[in-house]
>>> print(open('coords.txt').read())   # compact mmCIF, C-alpha atoms
# COMPACT_ATOMS: atom_id res chain seq x y z
CA MET A 156 -43.49 48.48 20.17
CA LEU A 157 -40.40 46.59 21.28
CA LYS A 158 -41.48 43.58 19.20
CA LYS A 159 -41.77 45.71 16.05
CA PHE A 160 -38.39 47.27 16.74
CA LEU A 161 -36.77 43.86 17.05
CA VAL A 162 -38.44 42.62 13.86
CA TRP A 163 -37.32 45.63 11.83
CA SER A 164 -33.81 45.42 13.32
CA ALA A 165 -33.55 41.80 12.21
CA ILE A 166 -34.81 42.65 8.71
CA LEU A 167 -32.37 45.54 8.33
CA ALA A 168 -29.48 43.48 9.68
CA LEU A 169 -30.10 40.57 7.30
CA PRO A 170 -28.31 42.08 4.26
CA MET A 171 -25.25 42.82 6.37
CA VAL A 172 -25.24 39.28 7.72
CA LEU A 173 -25.48 37.88 4.19
CA ILE A 174 -22.58 40.07 3.05
CA VAL A 175 -20.39 38.85 5.92
CA VAL A 176 -21.31 35.21 5.24
CA ARG A 177 -20.59 35.58 1.53
CA ARG A 178 -17.24 37.22 2.20
CA ARG A 179 -16.29 34.46 4.60
CA GLU A 180 -17.42 31.81 2.14
CA LYS A 181 -15.47 33.47 -0.66
CA ARG A 182 -12.33 33.51 1.46
CA ARG A 183 -12.91 29.95 2.55
CA LEU A 184 -13.30 28.74 -1.04
CA THR A 185 -10.35 30.49 -2.64
CA PRO A 186 -8.88 28.02 -5.15
CA GLN A 187 -5.39 26.83 -4.35
CA PRO A 188 -3.12 28.52 -6.93
CA ARG A 189 -1.99 25.98 -9.51
CA GLY A 190 -0.17 26.89 -12.68
CA MET A 191 2.86 26.56 -14.85
CA VAL A 192 6.44 27.78 -15.01
CA LEU A 193 7.04 29.93 -18.08
CA GLY A 194 10.73 30.34 -18.87
CA LEU A 195 11.44 33.85 -20.17
CA TYR A 196 14.49 32.70 -22.12
CA SER A 197 13.33 32.41 -25.70
CA GLY A 198 16.69 33.66 -26.99
CA GLU A 199 15.25 37.10 -27.75
CA PRO A 200 15.54 39.54 -24.82
CA ASP A 201 12.46 41.51 -25.98
CA TYR A 202 10.31 38.46 -26.85
CA ASP A 203 6.56 38.88 -26.44
CA TYR A 204 5.12 36.01 -24.35
CA ARG A 205 1.47 36.80 -25.11
CA GLU A 206 0.87 33.50 -26.95
CA GLU A 207 2.41 31.42 -24.18
CA LEU A 208 0.37 33.17 -21.48
CA ASP A 209 -2.84 32.62 -23.47
CA ARG A 210 -2.03 28.93 -23.78
CA ILE A 211 -1.30 28.61 -20.04
CA LYS A 212 -4.53 30.40 -19.16
CA ALA A 213 -6.50 28.09 -21.44
CA THR A 214 -5.39 25.03 -19.41
CA GLY A 215 -7.37 26.27 -16.42
CA ALA A 216 -4.26 27.45 -14.60
CA THR A 217 -4.78 30.23 -12.09
CA GLY A 218 -1.09 31.09 -11.69
CA VAL A 219 2.15 31.45 -13.59
CA SER A 220 5.75 31.38 -12.38
CA LEU A 221 7.82 33.65 -14.62
CA GLN A 222 11.37 32.34 -14.59
CA ALA A 223 14.11 34.65 -15.88
CA ILE A 224 17.67 33.41 -16.33
CA TYR A 225 20.74 35.41 -15.31
CA ARG A 226 24.25 34.12 -14.87
CA MET A 227 27.61 33.94 -13.21
CA GLU A 228 30.49 33.45 -15.59
CA ARG A 229 32.18 30.90 -13.34
CA HIS A 230 31.49 29.09 -10.09
CA ASP A 231 33.87 31.48 -8.29
CA SER A 232 32.64 34.72 -9.87
CA VAL A 233 31.33 37.54 -7.70
CA GLU A 234 29.24 39.29 -10.38
CA ILE A 235 25.72 38.41 -11.48
CA VAL A 236 25.16 39.54 -15.06
CA ARG A 237 22.54 39.42 -17.77
CA HIS A 238 22.68 36.54 -20.21
CA PRO A 239 23.41 38.11 -23.62
CA THR A 240 20.40 36.51 -25.30
CA SER A 241 18.24 34.77 -22.71
CA SER A 242 17.75 37.42 -20.00
CA PRO A 243 14.63 39.52 -20.64
CA THR A 244 14.95 43.28 -20.78
CA ASP A 245 13.34 45.28 -17.98
CA GLU A 246 10.71 46.50 -20.42
CA ALA A 247 9.97 42.94 -21.52
CA LEU A 248 9.46 42.02 -17.87
CA ARG A 249 7.09 44.94 -17.33
CA ARG A 250 5.09 43.95 -20.41
CA THR A 251 4.93 40.29 -19.35
CA PHE A 252 3.75 41.24 -15.85
CA ARG A 253 0.98 43.38 -17.41
CA GLN A 254 -0.06 40.61 -19.77
CA ALA A 255 -0.24 38.00 -17.00
CA LYS A 256 -2.21 40.35 -14.77
CA VAL A 257 -4.74 41.16 -17.51
CA ARG A 258 -5.32 37.42 -17.96
CA GLY A 259 -6.08 37.02 -14.27
CA LEU A 260 -3.02 34.86 -13.56
CA ARG A 261 -1.51 35.10 -10.09
CA MET A 262 2.20 35.72 -10.59
CA MET A 263 5.46 34.56 -9.13
CA PHE A 264 8.66 36.12 -10.45
CA PHE A 265 11.46 33.58 -10.26
CA PRO A 266 14.92 34.98 -11.18
CA THR A 267 17.37 32.09 -11.52
CA ILE A 268 21.16 31.98 -11.63
CA ASN A 269 22.89 29.69 -14.12
CA LEU A 270 26.60 29.34 -14.79
CA ARG A 271 28.09 29.96 -18.23
CA ASP A 272 27.99 26.76 -20.32
CA GLU A 273 26.24 24.96 -17.47
CA ALA A 274 24.27 22.81 -19.90
CA ASP A 275 27.54 21.29 -21.16
CA LYS A 276 29.40 21.01 -17.84
CA GLU A 277 27.91 19.01 -15.01
CA LYS A 278 30.44 19.68 -12.25
CA TRP A 279 29.54 23.26 -11.39
CA TRP A 280 26.07 24.74 -11.08
CA ARG A 281 24.23 27.21 -8.86
CA GLY A 282 23.94 24.57 -6.13
CA ASN A 283 27.69 24.51 -5.42
CA ILE A 284 29.02 27.97 -6.28
CA ARG A 285 32.14 29.12 -4.38
CA PRO A 286 32.64 32.86 -5.01
CA ARG A 287 36.25 33.94 -4.52
CA ASP A 288 34.98 36.85 -2.39
CA TRP A 289 31.78 36.06 -0.54
CA ASP A 290 31.35 39.63 0.74
CA ALA A 291 31.43 41.02 -2.79
CA TRP A 292 29.10 38.30 -4.02
CA TRP A 293 26.49 38.98 -1.34
CA ARG A 294 26.59 42.72 -2.09
CA ASN A 295 26.10 42.11 -5.78
CA TYR A 296 23.47 39.42 -5.33
CA THR A 297 21.50 41.65 -2.94
CA ALA A 298 21.56 44.57 -5.38
CA PHE A 299 20.49 42.21 -8.18
CA ASN A 300 17.47 41.04 -6.16
CA VAL A 301 16.47 44.53 -5.03
CA HIS A 302 16.38 45.82 -8.61
CA LEU A 303 14.24 42.94 -9.86
CA ALA A 304 12.00 43.09 -6.77
CA GLU A 305 11.24 46.73 -7.56
CA LEU A 306 10.07 45.70 -11.03
CA ALA A 307 8.00 42.90 -9.51
CA GLN A 308 6.33 45.32 -7.10
CA GLN A 309 5.46 47.71 -9.92
CA GLY A 310 4.05 44.80 -11.94
CA GLY A 311 1.68 43.45 -9.28
CA VAL A 312 3.62 40.24 -8.64
CA GLU A 313 2.33 38.18 -5.69
CA TRP A 314 5.44 36.05 -4.94
CA PHE A 315 9.06 37.05 -5.49
CA SER A 316 11.78 34.41 -5.31
CA VAL A 317 15.14 35.54 -3.92
CA GLY A 318 16.87 32.31 -4.91
CA THR A 319 16.53 28.67 -5.83
CA GLU A 320 18.58 25.51 -5.30
CA MET A 321 21.61 27.42 -3.98
CA ALA A 322 22.67 24.85 -1.41
CA SER A 323 26.22 26.15 -0.91
CA THR A 324 24.80 29.50 0.29
CA GLN A 325 22.41 27.97 2.80
CA SER A 326 25.08 27.94 5.51
CA TYR A 327 24.84 31.76 5.64
CA PRO A 328 21.41 32.35 7.22
CA GLU A 329 22.33 35.82 8.50
CA ARG A 330 23.31 36.90 4.99
CA TRP A 331 20.04 35.60 3.58
CA CYS A 332 18.00 37.36 6.25
CA ALA A 333 19.84 40.63 5.56
CA LEU A 334 19.14 40.22 1.83
CA VAL A 335 15.45 39.54 2.47
CA ALA A 336 15.25 42.64 4.69
CA GLU A 337 16.56 44.77 1.81
CA VAL A 338 14.09 43.22 -0.63
CA ARG A 339 11.22 43.94 1.77
CA LYS A 340 11.98 47.66 1.48
CA VAL A 341 10.85 47.61 -2.16
CA PHE A 342 8.60 44.54 -2.49
CA HIS A 343 5.42 44.14 -0.42
CA GLY A 344 4.23 40.74 -1.63
CA LYS A 345 5.38 37.34 -0.40
CA ILE A 346 9.09 36.52 -0.46
CA VAL A 347 10.09 32.96 -1.37
CA TYR A 348 13.24 30.88 -1.52
CA SER A 349 13.08 27.50 -3.25
CA VAL A 350 14.92 24.54 -1.71
CA ASN A 351 16.26 21.77 -3.94
CA PHE A 352 14.76 18.32 -3.37
CA ASP A 353 17.94 17.02 -1.70
CA SER A 354 18.95 20.05 0.38
CA HIS A 355 15.94 20.57 2.66
CA ASP A 356 17.91 19.21 5.62
CA SER A 357 20.59 21.90 5.26
CA PHE A 358 18.03 24.71 4.89
CA THR A 359 18.41 27.26 7.68
CA PHE A 360 16.59 30.54 7.09
CA GLY A 361 12.90 29.78 6.57
CA ASP A 362 11.88 32.12 9.36
CA CYS A 363 13.06 35.10 7.23
CA LEU A 364 10.65 34.22 4.43
CA ASP A 365 6.92 34.42 3.84
CA VAL A 366 6.77 31.13 1.94
CA ILE A 367 9.22 28.23 1.55
CA GLY A 368 9.41 26.71 -1.91
CA ILE A 369 10.58 23.23 -2.85
CA ASN A 370 11.62 21.83 -6.22
CA THR A 371 10.44 18.22 -6.32
CA TYR A 372 12.83 16.22 -8.50
CA ASP A 373 13.15 13.32 -6.07
CA PRO A 374 14.19 10.01 -7.68
CA ILE A 375 11.50 7.33 -7.63
CA ALA A 376 12.40 3.61 -7.65
CA LYS A 377 15.78 4.55 -9.07
CA PHE A 378 16.97 0.97 -9.50
CA ASP A 379 13.83 -0.17 -11.33
CA GLU A 380 13.23 -0.03 -15.05
CA TYR A 381 9.72 1.27 -14.50
CA PRO A 382 8.11 2.49 -11.27
CA SER A 383 4.87 1.04 -9.97
CA LYS A 384 1.89 3.21 -9.08
CA VAL A 385 2.46 2.37 -5.43
CA GLN A 386 6.11 3.48 -5.62
CA ILE A 387 5.12 6.78 -7.22
CA ARG A 388 2.39 7.35 -4.64
CA ASP A 389 4.65 6.54 -1.69
CA GLU A 390 7.44 8.83 -2.92
CA TRP A 391 5.01 11.68 -3.33
CA TRP A 392 3.68 11.22 0.19
CA TRP A 393 7.30 11.43 1.32
CA ILE A 394 7.58 14.74 -0.56
CA VAL A 395 4.47 16.00 1.24
CA ASN A 396 6.04 14.86 4.54
CA LYS A 397 9.15 16.91 3.72
CA ALA A 398 6.97 19.95 2.98
CA ARG A 399 5.06 19.56 6.23
CA THR A 400 8.30 19.10 8.16
CA LEU A 401 9.57 22.42 6.77
CA GLN A 402 6.24 23.93 7.81
CA ALA A 403 6.69 22.58 11.34
CA ARG A 404 10.32 23.72 11.60
CA PHE A 405 9.77 27.30 10.43
CA HIS A 406 6.03 27.94 10.90
CA ARG A 407 5.74 29.06 7.29
CA PRO A 408 3.55 27.82 4.43
CA VAL A 409 5.23 25.75 1.73
CA MET A 410 4.69 25.78 -2.03
CA ILE A 411 5.90 23.47 -4.77
CA THR A 412 7.79 25.78 -7.08
CA GLU A 413 8.61 23.05 -9.60
CA VAL A 414 7.11 19.63 -10.28
CA GLY A 415 7.83 18.12 -13.65
CA TYR A 416 9.10 15.15 -15.61
CA PRO A 417 10.65 15.02 -19.08
CA SER A 418 8.91 12.65 -21.50
CA VAL A 419 11.81 10.19 -21.72
CA ALA A 420 12.64 6.69 -20.57
CA HIS A 421 13.77 6.48 -16.92
CA ALA A 422 12.45 9.96 -16.14
CA HIS A 423 11.68 8.65 -12.65
CA VAL A 424 15.38 8.02 -11.96
CA GLY A 425 16.59 11.57 -12.55
CA PRO A 426 13.67 13.96 -13.13
CA TRP A 427 16.09 16.91 -13.09
CA ASP A 428 18.19 15.63 -16.00
CA PHE A 429 17.58 17.94 -18.95
CA ARG A 430 20.75 16.71 -20.68
CA THR A 431 19.53 13.16 -21.20
CA GLU A 432 19.41 11.66 -24.68
CA LYS A 433 17.20 8.74 -23.71
CA PRO A 434 14.31 7.86 -26.03
CA VAL A 435 10.82 9.34 -25.83
CA ASP A 436 8.45 7.80 -23.28
CA LEU A 437 5.19 9.73 -23.18
CA SER A 438 3.44 7.13 -21.05
CA LEU A 439 5.99 7.32 -18.22
CA GLN A 440 5.76 11.11 -18.04
CA ASN A 441 1.98 10.80 -17.79
CA GLU A 442 2.02 8.06 -15.13
CA LEU A 443 4.46 10.03 -13.00
CA LEU A 444 2.25 13.10 -13.15
CA LYS A 445 -0.91 11.14 -12.41
CA GLY A 446 0.76 9.72 -9.32
CA ALA A 447 2.02 13.13 -8.20
CA PHE A 448 -1.31 14.87 -8.66
CA GLY A 449 -3.16 11.97 -7.02
CA VAL A 450 -1.29 12.84 -3.82
CA LEU A 451 -1.22 16.62 -4.26
CA ARG A 452 -5.01 16.75 -4.54
CA ASN A 453 -4.92 16.01 -0.78
CA TRP A 454 -2.44 18.82 -0.05
CA SER A 455 -4.69 21.86 0.20
CA ASP A 456 -2.33 23.23 2.87
CA GLY A 457 0.18 23.93 0.09
CA GLU A 458 0.56 27.61 -0.78
CA ALA A 459 0.69 26.87 -4.52
CA VAL A 460 1.87 24.29 -7.08
CA PHE A 461 3.63 25.07 -10.37
CA TYR A 462 4.25 22.59 -13.18
CA TYR A 463 7.70 22.77 -14.79
CA LEU A 464 7.92 23.63 -17.71
CA TYR A 465 5.89 25.28 -20.48
CA GLY A 466 8.68 24.57 -22.97
CA GLU A 467 12.39 24.94 -23.52
CA ASN A 468 12.57 25.96 -27.17
CA LEU A 469 9.92 28.61 -27.63
CA ASN A 470 11.16 29.65 -31.06
CA GLN A 471 10.63 26.15 -32.44
CA LYS A 472 6.88 26.07 -33.01
CA PRO A 473 4.79 24.21 -32.18
CA VAL A 474 6.17 23.63 -28.70
CA GLY A 475 5.77 20.02 -27.56
CA GLY A 476 4.38 17.20 -29.68
CA LEU A 477 4.66 13.43 -29.69
CA GLN A 478 8.38 13.42 -30.52
CA ASP A 479 9.32 16.05 -27.95
CA ARG A 480 11.52 14.78 -25.09
CA THR A 481 11.35 17.83 -22.82
CA TYR A 482 9.12 18.70 -19.85
CA ALA A 483 6.54 20.32 -22.16
CA ILE A 484 3.12 18.67 -22.02
CA TRP A 485 1.62 20.04 -25.22
CA GLY A 486 0.13 17.44 -27.54
CA LYS A 487 1.05 14.60 -25.17
CA PRO A 488 -1.07 12.47 -22.81
CA ALA A 489 0.31 14.59 -19.94
CA GLU A 490 -1.55 17.65 -21.24
CA ALA A 491 -4.94 16.19 -20.33
CA THR A 492 -3.58 15.07 -16.95
CA VAL A 493 -2.36 18.57 -16.12
CA ARG A 494 -5.65 20.12 -17.26
CA ASP A 495 -7.59 17.66 -15.08
CA TYR A 496 -5.42 18.55 -12.08
CA PHE A 497 -5.92 22.28 -12.58
CA ALA A 498 -9.69 21.67 -12.74
CA LEU A 499 -9.87 19.82 -9.41
CA PRO A 500 -11.84 21.68 -6.72
CA ILE A 501 -8.90 22.16 -4.35
CA PHE A 502 -9.33 25.23 -2.14
CA ALA A 503 -6.56 26.91 -0.19
CA GLY A 504 -6.57 25.62 3.36
CA HIS A 505 -10.10 24.23 2.92
CA ILE A 506 -9.12 20.94 4.55
CA PRO A 507 -6.17 21.88 6.77
CA PRO A 508 -3.90 19.09 7.92
CA LYS A 509 -4.67 17.73 11.34
CA PRO A 510 -2.00 18.37 13.99
CA GLU A 511 -1.28 14.65 13.96
CA ASP A 512 -0.57 14.84 10.19
CA ILE A 513 2.11 17.48 10.74
CA HIS A 514 3.45 15.56 13.73
CA ASN A 515 3.60 12.32 11.75
CA ALA A 516 5.49 14.10 8.96
CA VAL A 517 8.13 15.24 11.44
CA ILE A 518 8.41 11.76 12.94
CA GLN A 519 8.90 10.23 9.47
CA SER A 520 11.60 12.82 8.74
CA LEU A 521 13.36 11.94 11.99
CA VAL A 522 13.13 8.23 11.16
CA ALA A 523 14.76 8.94 7.79
CA GLN A 524 17.56 10.81 9.55
CA LYS A 525 18.19 8.03 12.06
CA ARG A 526 17.94 5.38 9.35
CA LYS A 527 20.61 7.21 7.34
CA GLU A 528 22.86 7.25 10.39
CA LEU A 529 22.44 3.50 10.84
CA ARG A 530 22.87 2.53 7.22
CA TYR A 531 25.69 4.66 5.86
CA VAL A 532 29.34 4.89 6.86
CA ASP A 533 29.23 8.68 6.57
CA GLY A 534 25.59 9.05 7.60
CA LYS A 535 24.97 11.88 10.03
CA VAL A 536 21.83 13.27 11.52
CA ALA A 537 21.21 16.78 10.18
CA PRO A 538 21.70 19.56 12.75
CA TRP A 539 18.03 20.55 12.63
CA ALA A 540 16.97 16.97 13.44
CA ASP A 541 19.47 16.68 16.27
CA GLN A 542 18.22 19.94 17.77
CA TRP A 543 14.59 18.90 17.31
CA MET A 544 15.10 15.58 19.11
CA LYS A 545 16.84 17.30 22.01
CA ALA A 546 13.95 19.75 22.31
CA HIS A 547 11.27 17.06 21.74
CA PRO A 548 12.47 13.82 23.40
CA ALA A 549 9.06 12.20 22.89
CA ASP A 550 9.49 12.61 19.11
CA ARG A 551 12.96 11.06 19.36
CA ASP A 552 11.51 8.12 21.24
CA ALA A 553 8.73 7.68 18.67
CA ALA A 554 11.25 7.63 15.83
CA GLU A 555 13.47 5.15 17.62
CA ALA A 556 10.48 2.90 18.34
CA ILE A 557 9.71 2.73 14.62
CA LEU A 558 13.33 1.91 13.80
CA ALA A 559 13.43 -0.78 16.49
CA LYS A 560 10.87 -2.78 14.49
CA GLU A 561 13.02 -2.71 11.35
CA PRO A 562 15.83 -5.17 10.68
CA LYS A 563 19.21 -3.66 11.39
CA PRO A 564 21.58 -3.43 8.40
CA ALA A 565 24.27 -6.12 8.36
CA LYS A 566 26.91 -3.48 7.73
CA GLN A 567 27.25 0.19 6.97
CA ILE A 568 27.91 1.14 3.37
CA PRO A 569 29.06 4.32 1.59
CA LYS A 570 26.12 6.39 0.40
CA GLY A 571 25.52 5.90 -3.29
CA ARG A 572 26.67 2.27 -3.19
CA GLU A 573 23.26 0.79 -2.38
CA ARG A 574 22.96 -1.13 -5.60
CA ASN A 575 26.49 -2.53 -5.50
CA GLU A 576 26.11 -3.59 -1.89
CA GLY A 577 22.56 -4.89 -2.27
>>> encode(input="coords.txt", output="structure tokens")
Amino acid sequence: MLKKFLVWSAILALPMVLIVVRRREKRRLTPQPRGMVLGLYSGEPDYDYREELDRIKATGATGVSLQAIYRMERHDSVEIVRHPTSSPTDEALRRTFRQAKVRGLRMMFFPTINLRDEADKEKWWRGNIRPRDWDAWWRNYTAFNVHLAELAQQGGVEWFSVGTEMASTQSYPERWCALVAEVRKVFHGKIVYSVNFDSHDSFTFGDCLDVIGINTYDPIAKFDEYPSKVQIRDEWWWIVNKARTLQARFHRPVMITEVGYPSVAHAHVGPWDFRTEKPVDLSLQNELLKGAFGVLRNWSDGEAVFYYLYGENLNQKPVGGLQDRTYAIWGKPAEATVRDYFALPIFAGHIPPKPEDIHNAVIQSLVAQKRKELRYVDGKVAPWADQWMKAHPADRDAAEAILAKEPKPAKQIPKGRERNEG
């Protein structure tokens, strides 16, 4: 009797066991979100982005970052206002959220602050704003984020960005944490802030966030006419090291909010430069992306990766093409490269980094800090690195041991004078 009972119990339990296994396997094999940034600044505030979303979905993308542009009139303004033509209406945002959701695209909403006439004036941009009244600016910027976060919550957005590349604000961590707390009252998804490629060392408030974003416009072989595959690969492993160092510092996942290259000569020198008038170079754009994705295919610990940018001039159809010099990939060799990357079987957290990988990333970041101190007249170790080495003397010793094997510079030079002093 007992034997029959055990047999029937096993038979009846089998479906439940299979359900649990399948659920675990499904969770384990969730594809890492990879997609494209779609700028909602066509020049028509009520523009319908249906066509663009269809085209993004057709690449194999599983996500879309919806970037909306708003502005400050000057670098010292305290108000954040709608752009008269490029900011989408609230109804246009609601419609775009619905359209992306219907297409099965996981969404990030990425409001971005530009300054008036920023495209024509290089001195001031969102990275160095200096509001004349910081208290008023923080009140206005918080209200701005809360309103848009409410729309994002209603639209089923997964990630909401509270800011990007705003380095001059990063010295106010308490203000950022207070802003994030207000946003959490209306938005229940994941809150992101995106660090510029050169300001990760001054970033201070990752512990307030759910995810840390990075925009990856790091120069590659900036004194060379054309980068080698090895140079591209090595720079992208350095970018992964920076991401893993942020992960170690704040115990938060990291996503790449923007990776992209314009299809122009010397795109490796200044990938951020949208003002350039250099000639078309489709091959360089493609080689840079192949190198980036060759490394990122090993970064399953990344929260998500978004390619920048669908296109800058959406009203000039078709977007892209062989003579196009922007970040758009359409009709260029880079289109196939992006499609191939989206098709790779990369699953979220499927192959987590080993503890030694994270540790090595931190050590390499510390080496870079100490190397900067040795090489440059004004080189200083970032506060985070100084604090880390005091708290982890073994890591300090490991970094110094690596530096001890390198030749010491003959003299210290001003940063930015490497080529002249070479």
>>> atom_distance(input="coords.txt", atom1="CA of Glu561 in chain A", atom2="CA of Asn351 in chain A")
29.0 Å
>>> atom_distance(input="coords.txt", atom1="CA of Asp550 in chain A", atom2="CA of Trp392 in chain A")
19.8 Å
>>> residues_around(input="coords.txt", residues="Ser232 in chain A", least_positions_apart="5", cutoff="9 Å", atoms="all atoms listed in the file", output="mmCIF file with C-alpha atoms, in the coordinates of the input")
data_model
loop_
_atom_site.group_PDB
_atom_site.id
_atom_site.type_symbol
_atom_site.label_atom_id
_atom_site.label_comp_id
_atom_site.auth_asym_id
_atom_site.auth_seq_id
_atom_site.Cartn_x
_atom_site.Cartn_y
_atom_site.Cartn_z
ATOM 1 C CA MET A 227 27.610 33.940 -13.210
ATOM 2 C CA ILE A 284 29.020 27.970 -6.280
ATOM 3 C CA ARG A 285 32.140 29.120 -4.380
ATOM 4 C CA PRO A 286 32.640 32.860 -5.010
ATOM 5 C CA ARG A 287 36.250 33.940 -4.520
ATOM 6 C CA ASP A 288 34.980 36.850 -2.390
ATOM 7 C CA TRP A 292 29.100 38.300 -4.020
#
>>> axis_aligned_box(input="coords.txt", around="range 399-410 of chain A", padding_each_side="3 Å", output="lines of an AutoDock Vina configuration file")
center_x = 6.9
center_y = 24.1
center_z = 4.8
size_x = 12.8
size_y = 16.0
size_z = 19.6
>>> residues_around(input="coords.txt", residues="range 420-434 of chain A", least_positions_apart="3", cutoff="8 Å", atoms="all atoms listed in the file", output="number ranges by chain")
A: 274, 372-378, 380-382, 415-417, 439-440, 443, 480-481
>>> atom_distance(input="coords.txt", atom1="CA of Trp289 in chain A", atom2="CA of Asp231 in chain A")
9.2 Å
>>> residues_around(input="coords.txt", residues="Ser326 in chain A", least_positions_apart="4", cutoff="10 Å", atoms="only C-alpha atoms", output="list of chain:residue names")
A:Ala322, A:Arg330, A:Trp331, A:Ser357, A:Phe358, A:Thr359, A:Phe360
>>> write_last_selection(input="coords.txt", atoms="C-alpha atoms", output="PDB file, keeping the file's coordinate frame")
ATOM      1  CA  ALA A 322      22.670  24.850  -1.410  1.00  0.00           C
ATOM      2  CA  ARG A 330      23.310  36.900   4.990  1.00  0.00           C
ATOM      3  CA  TRP A 331      20.040  35.600   3.580  1.00  0.00           C
ATOM      4  CA  SER A 357      20.590  21.900   5.260  1.00  0.00           C
ATOM      5  CA  PHE A 358      18.030  24.710   4.890  1.00  0.00           C
ATOM      6  CA  THR A 359      18.410  27.260   7.680  1.00  0.00           C
ATOM      7  CA  PHE A 360      16.590  30.540   7.090  1.00  0.00           C
TER       8      PHE A 360
END
>>> residues_around(input="coords.txt", residues="Asn453 in chain A", least_positions_apart="3", cutoff="10 Å", atoms="only C-alpha atoms", output="ChimeraX atom specification")
/A:392,395,448-450,456-457,501,506-508
>>> residues_around(input="coords.txt", residues="Asn269 in chain A", least_positions_apart="2", cutoff="9 Å", atoms="only C-alpha atoms", output="ChimeraX atom specification")
/A:224-228,267,271-273,280-281
>>> closest_residue(input="coords.txt", among="A:Trp293, A:Tyr465, A:Phe264, A:Phe352", to="Gly310 in chain A", atoms="only C-alpha atoms")
A:Phe264
>>> closest_atom_pairs(input="coords.txt", of="range 413-482 of chain A", to="range 490-499 of chain A", cutoff="8 Å", atoms="all atoms listed in the file", output="JSON lines")
{"residue": "A:Asn441", "atom": "CA", "partner": "A:Thr492", "partner_atom": "CA", "distance": 7.1}
{"residue": "A:Leu444", "atom": "CA", "partner": "A:Thr492", "partner_atom": "CA", "distance": 7.2}
{"residue": "A:Lys445", "atom": "CA", "partner": "A:Thr492", "partner_atom": "CA", "distance": 6.6}
{"residue": "A:Phe448", "atom": "CA", "partner": "A:Tyr496", "partner_atom": "CA", "distance": 6.5}
{"residue": "A:Arg452", "atom": "CA", "partner": "A:Leu499", "partner_atom": "CA", "distance": 7.5}
>>> residues_near_point(input="coords.txt", point="(9.2, 49.7, -4.8)", cutoff="7 Å", atoms="only C-alpha atoms", output="list in words")
Glu305, Gln308, Gln309, Val341 and Phe342 of chain A
>>> write_last_selection(input="coords.txt", atoms="C-alpha atoms", output="short mmCIF file (atom, residue, chain, number, x, y, z; two decimals), in the coordinates of the input")
data_model
loop_
_atom_site.label_atom_id
_atom_site.label_comp_id
_atom_site.auth_asym_id
_atom_site.auth_seq_id
_atom_site.Cartn_x
_atom_site.Cartn_y
_atom_site.Cartn_z
CA GLU A 305 11.24 46.73 -7.56
CA GLN A 308 6.33 45.32 -7.10
CA GLN A 309 5.46 47.71 -9.92
CA VAL A 341 10.85 47.61 -2.16
CA PHE A 342 8.60 44.54 -2.49
#
>>> closest_residue(input="coords.txt", among="A:Ile367, A:Met544, A:Val435, A:Leu464", to="Val414 in chain A", atoms="all atoms listed in the file")
A:Leu464
>>> closest_residue(input="coords.txt", among="A:Asp389, A:Glu458, A:Glu337, A:Glu199", to="Cys363 in chain A", atoms="only C-alpha atoms")
A:Glu337
>>> closest_residue(input="coords.txt", among="A:Met410, A:Ala559, A:Cys332, A:Met263", to="Gly344 in chain A", atoms="all atoms listed in the file")
A:Met263
>>> closest_residue(input="coords.txt", among="A:Gln222, A:Gln402, A:Ser241, A:Thr251", to="Thr319 in chain A", atoms="all atoms listed in the file")
A:Gln222
